[in-house]
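Student: Input: one structure, supplied below.
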Amino acid sequence: MLTESSAAVVKATLPAVQAHGEAITGRFYQRMFEAHPELLDIFNRGNQATGAQRSALAAAVVAYAEHLVGVSNLPWGPVMDRIAHKHASLGITPAQYTIVGRHLMAAVGEVLGDAVTPEVAAAWDETYWLLACELVAREARLYHTAGIGEGEPVWRPWRVERRTRETADVVSFTLVPADGGPVPDFVPGRYVSVAVDLGEGRGQQIRQYSLSGRPGAGHWQITVKRVRGIDGAPDGMVSTFLHEQVAVGDTLRLSPPFGEVASAPGAGPLLLVSAGIGVTPAMAALEHLAATAPHRPVTLVHADRAGGTHALRNQLPRLAAALPELRLHLWYEEDGDLIDGLSAEVSAGRVDPELIPLTPDAHVHFCGPLPFMNQVRGGLLRRGVPAGRIAYEVFGPGMLRGDA
Ligand SMILES: Cc1cc2nc3c(=O)[nH]c(=O)nc-3n(C[C@H](O)[C@H](O)[C@H](O)COP(=O)(O)OP(=O)(O)OC[C@H]3O[C@@H](n4cnc5c(N)ncnc54)[C@H](O)[C@@H]3O)c2cc1C
Ligand code: HEM
């Protein structure tokens, strides 16, 4: 809780902070990276360039302030969970909160100038630290659960045991611990952060990849789509590096599995809806159910450009044989060819949310590009699926419209 006097000051200055959010964010990153160039290796340079993440941090502080002073009814728990899991997967430390806090407050002062009286500065500092302490505590719990001791790095070396070309643009990497230690179990839907040194003086970059294989398989698998730059934008840094530079026998640095979203939640009927590379958490769910709950009713609705671009499709005949209650509905925009031995309903075009088969008590998980996810979520809510039974993963910063 904010002190009463700080709450009044924060409430009064919220509009000014919101109105200058972009400028504050821009100055904040500029200052912080000048003073701490080593942090460039932790932040996602693609997101910095496109602006996707730039505003996320400052926007979260403002949203938290709104929550504290009671001018927002945003459910705050899921937002905190998402941030804490992402931070934990990146190995963010308590000491780094001091750096971020210092530069964020300095940026507020620079941009708002004389409006930032000592009382205003103190009220926002209090807000920042309330949020920071909550995140540090959540992250400490996540590190502890993952078996990472205080001050220990999250990174562990994993050796590429196999590379499997899934489609022209998608490769799976099968990974085993390079230190010979055990392979930790994971809940389907969890992701790992992968840290790579890009070489040629380009430093390190970190990205998240959902574990796409079976928990308990004795190895981990990630399935990576190569991101190609369009309209003059550069190719994706890490996905291109993984595709072009990482071979069998090479070592990658991986975090433990993190993520607040399970892709096989609950126990009754399960509906998985995915598009493109968003199929990876759904495949982990199917692999897990095939091994642990083969009679659970499960439907996979998957959308792709064409049969040939549908990653991990060749796993479906085996999974369908292991899961007698599996129903497949595939939507292909360009062609509807099926591989041998796969029985599925195939539709042409893009997924129509009205045609997604629903059972009243189903748990739903979905993942794909943002417009697809907004459309699917809107359709499911309109058709009466309670929000509490809908889980989703966003393959980038942020949450869906209406949630954050
Ligand atoms: C929880 C989670 C799970 C995920 N799971 C998977 C998964 O299972 N499989 C998978 O393939 N991906 C997954 N992702 C996505 C993955 O983490 C990466 O975002 C993806 O691989 C792209 O990273 P990149 O380094 O190749 O691209 P980046 O270099 O980050 O580029 C991203 C985009 O920004 C554009 N861009 C970069 N710089 C500029 C610039 N200067 N100007 C204009 N545009 C620019 C690029 O053209 C590209 O379109 C997941 C993400 C999250 C958050
Ligand atoms: C109170 C303080 C902080 C808040 C409110 C905050 C908020 C956020 C938010 C909202 C995201 C996006 C999460 C998502 O949806 O994926 C994020 C990601 C991230 N945060 Fe923080 N953060 C804070 C502190 C820090 C600190 C101390 C660091 C370390 C220097 C840090 C580094 C990162 C990085 C590297 C990402 C991922 C960004 C990317 O890959 O583009 N954050 N944070």
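Identifiers in the structure tokens: chain A, B, ... in order shown; residue index from 1 per chain; ligand index from 1 in order shown.
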Report as a tab-separated table the residues of chain A within 8 Å of ligand 1, each with its shortest atom pair and distance in Å (one decimal), using only C-alpha atoms and all ligand atoms, ordered by chain and increasing residue number.
Tutor:
```
residue	atom	partner	partner_atom_place_in_ligand_line	distance
A:Asn44	CA	ligand 1	30 (O)	6.3
A:Arg45	CA	ligand 1	30 (O)	6.5
A:Gly46	CA	ligand 1	37 (C)	3.8
A:Asn47	CA	ligand 1	30 (O)	6.0
A:Gln48	CA	ligand 1	38 (N)	7.7
A:Ala49	CA	ligand 1	41 (N)	4.6
A:Thr50	CA	ligand 1	44 (N)	5.2
A:Lys86	CA	ligand 1	1 (C)	7.7
A:Val170	CA	ligand 1	11 (O)	7.4
A:Arg190	CA	ligand 1	1 (C)	7.6
A:Tyr191	CA	ligand 1	3 (C)	5.6
A:Val192	CA	ligand 1	3 (C)	7.8
A:Ser193	CA	ligand 1	17 (O)	7.9
A:Gln205	CA	ligand 1	25 (O)	7.4
A:Ile206	CA	ligand 1	25 (O)	7.7
A:Arg207	CA	ligand 1	17 (O)	4.3
A:Gln208	CA	ligand 1	17 (O)	3.9
A:Tyr209	CA	ligand 1	5 (N)	3.6
A:Ser210	CA	ligand 1	8 (O)	4.0
A:Leu211	CA	ligand 1	8 (O)	6.6
A:Ser212	CA	ligand 1	8 (O)	6.7
A:Ile222	CA	ligand 1	8 (O)	6.2
A:Thr223	CA	ligand 1	9 (N)	5.2
A:Val224	CA	ligand 1	11 (O)	3.5
A:Lys225	CA	ligand 1	11 (O)	3.8
A:Arg226	CA	ligand 1	26 (O)	6.4
A:Val227	CA	ligand 1	26 (O)	5.2
A:Arg228	CA	ligand 1	47 (O)	6.3
A:Gly229	CA	ligand 1	47 (O)	3.9
A:Ile230	CA	ligand 1	47 (O)	6.2
A:Gly232	CA	ligand 1	43 (C)	7.6
A:Ala233	CA	ligand 1	43 (C)	4.4
A:Pro234	CA	ligand 1	47 (O)	4.6
A:Asp235	CA	ligand 1	47 (O)	5.0
A:Gly236	CA	ligand 1	27 (O)	3.1
A:Met237	CA	ligand 1	29 (O)	3.8
A:Val238	CA	ligand 1	25 (O)	3.6
A:Ser239	CA	ligand 1	26 (O)	3.6
A:Thr240	CA	ligand 1	26 (O)	5.6
A:Phe241	CA	ligand 1	26 (O)	7.6
A:Gly259	CA	ligand 1	1 (C)	6.9
A:Ile277	CA	ligand 1	9 (N)	5.6
A:Gly278	CA	ligand 1	8 (O)	6.6
A:Val279	CA	ligand 1	8 (O)	7.6
A:Thr280	CA	ligand 1	8 (O)	5.0
A:Pro281	CA	ligand 1	8 (O)	7.0
A:Glu393	CA	ligand 1	1 (C)	6.4
A:Val394	CA	ligand 1	53 (C)	6.0
A:Phe395	CA	ligand 1	51 (C)	3.5
A:Gly396	CA	ligand 1	53 (C)	4.1
A:Pro397	CA	ligand 1	53 (C)	6.2
```
Student: Counting only C-alpha atoms, what is within 12 Å of range 56-58 of chain A, bar same-chain residues fewer than 4 positions away, as a ChimeraX atom specification?
Tutor: /A:17-18,20-29,43,47-48,51-52,62-65,79-80,82-83,87,97,100-101,103-105,107-108,124,127-128,131-132,396-399,404
Student: Excluding same-chain residues fewer than 5 positions from Ala306 in chain A, what lies within 12 Å of it counting only C-alpha atoms, as a compact mmCIF listing (two decimals) with N, CA and C atoms, in the first residue's frame?
Tutor:
```
# COMPACT_ATOMS: atom_id res chain seq x y z
N THR A 167 9.96 -27.94 -41.38
CA THR A 167 9.44 -27.35 -42.62
C THR A 167 10.58 -26.50 -43.18
N ALA A 168 10.32 -25.83 -44.31
CA ALA A 168 11.38 -25.00 -44.90
C ALA A 168 11.91 -23.97 -43.92
N ALA A 275 -1.90 -21.37 -34.16
CA ALA A 275 -1.63 -20.95 -35.53
C ALA A 275 -0.13 -20.84 -35.71
N GLY A 276 0.35 -21.30 -36.87
CA GLY A 276 1.78 -21.19 -37.20
C GLY A 276 2.65 -21.85 -36.15
N ALA A 311 4.29 -26.98 -38.89
CA ALA A 311 5.40 -27.61 -38.17
C ALA A 311 4.91 -28.71 -37.23
N ARG A 313 3.72 -31.46 -37.86
CA ARG A 313 2.52 -32.18 -38.31
C ARG A 313 2.79 -33.68 -38.40
N LEU A 330 -7.96 -28.92 -38.95
CA LEU A 330 -6.86 -28.12 -39.50
C LEU A 330 -7.41 -27.12 -40.50
N TRP A 331 -6.91 -25.91 -40.43
CA TRP A 331 -7.31 -24.85 -41.36
C TRP A 331 -6.07 -24.45 -42.15
N TYR A 332 -6.12 -24.67 -43.47
CA TYR A 332 -4.99 -24.27 -44.31
C TYR A 332 -5.45 -23.20 -45.30
N GLU A 333 -4.66 -22.11 -45.36
CA GLU A 333 -5.07 -21.02 -46.27
C GLU A 333 -4.86 -21.39 -47.72
N GLU A 334 -3.77 -22.14 -48.00
CA GLU A 334 -3.43 -22.35 -49.41
C GLU A 334 -3.72 -23.74 -49.95
N ASP A 335 -3.41 -24.77 -49.21
CA ASP A 335 -3.76 -26.10 -49.71
C ASP A 335 -4.11 -27.00 -48.55
N GLY A 336 -4.92 -28.00 -48.83
CA GLY A 336 -5.45 -28.82 -47.75
C GLY A 336 -4.93 -30.24 -47.80
N ASP A 337 -3.70 -30.44 -48.35
CA ASP A 337 -3.19 -31.80 -48.45
C ASP A 337 -2.90 -32.35 -47.06
N LEU A 338 -3.08 -33.64 -46.89
CA LEU A 338 -2.80 -34.27 -45.59
C LEU A 338 -1.69 -35.30 -45.76
N ILE A 339 -0.93 -35.52 -44.70
CA ILE A 339 0.09 -36.57 -44.80
C ILE A 339 -0.57 -37.93 -44.56
N VAL A 346 -10.38 -30.97 -42.47
CA VAL A 346 -9.56 -29.89 -43.02
C VAL A 346 -10.46 -28.84 -43.64
N SER A 347 -10.23 -27.57 -43.29
CA SER A 347 -11.01 -26.48 -43.88
C SER A 347 -10.08 -25.53 -44.60
N ALA A 348 -10.64 -24.83 -45.58
CA ALA A 348 -9.84 -23.87 -46.34
C ALA A 348 -10.01 -22.48 -45.73
N GLY A 349 -8.93 -21.70 -45.77
CA GLY A 349 -9.01 -20.31 -45.30
C GLY A 349 -8.54 -20.17 -43.87
N ARG A 350 -9.00 -19.09 -43.25
CA ARG A 350 -8.57 -18.80 -41.88
C ARG A 350 -9.58 -19.32 -40.87
```
Student: Between A:Pro37, A:Gly149, A:Pro371, A:Pro256, which residue has the minimum interatomic distance to ligand 2, considering only C-alpha atoms and all ligand atoms?
Tutor: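 When distances to ligand 2 are compared using only C-alpha atoms and all ligand atoms, the smallest one comes from A:Pro37.
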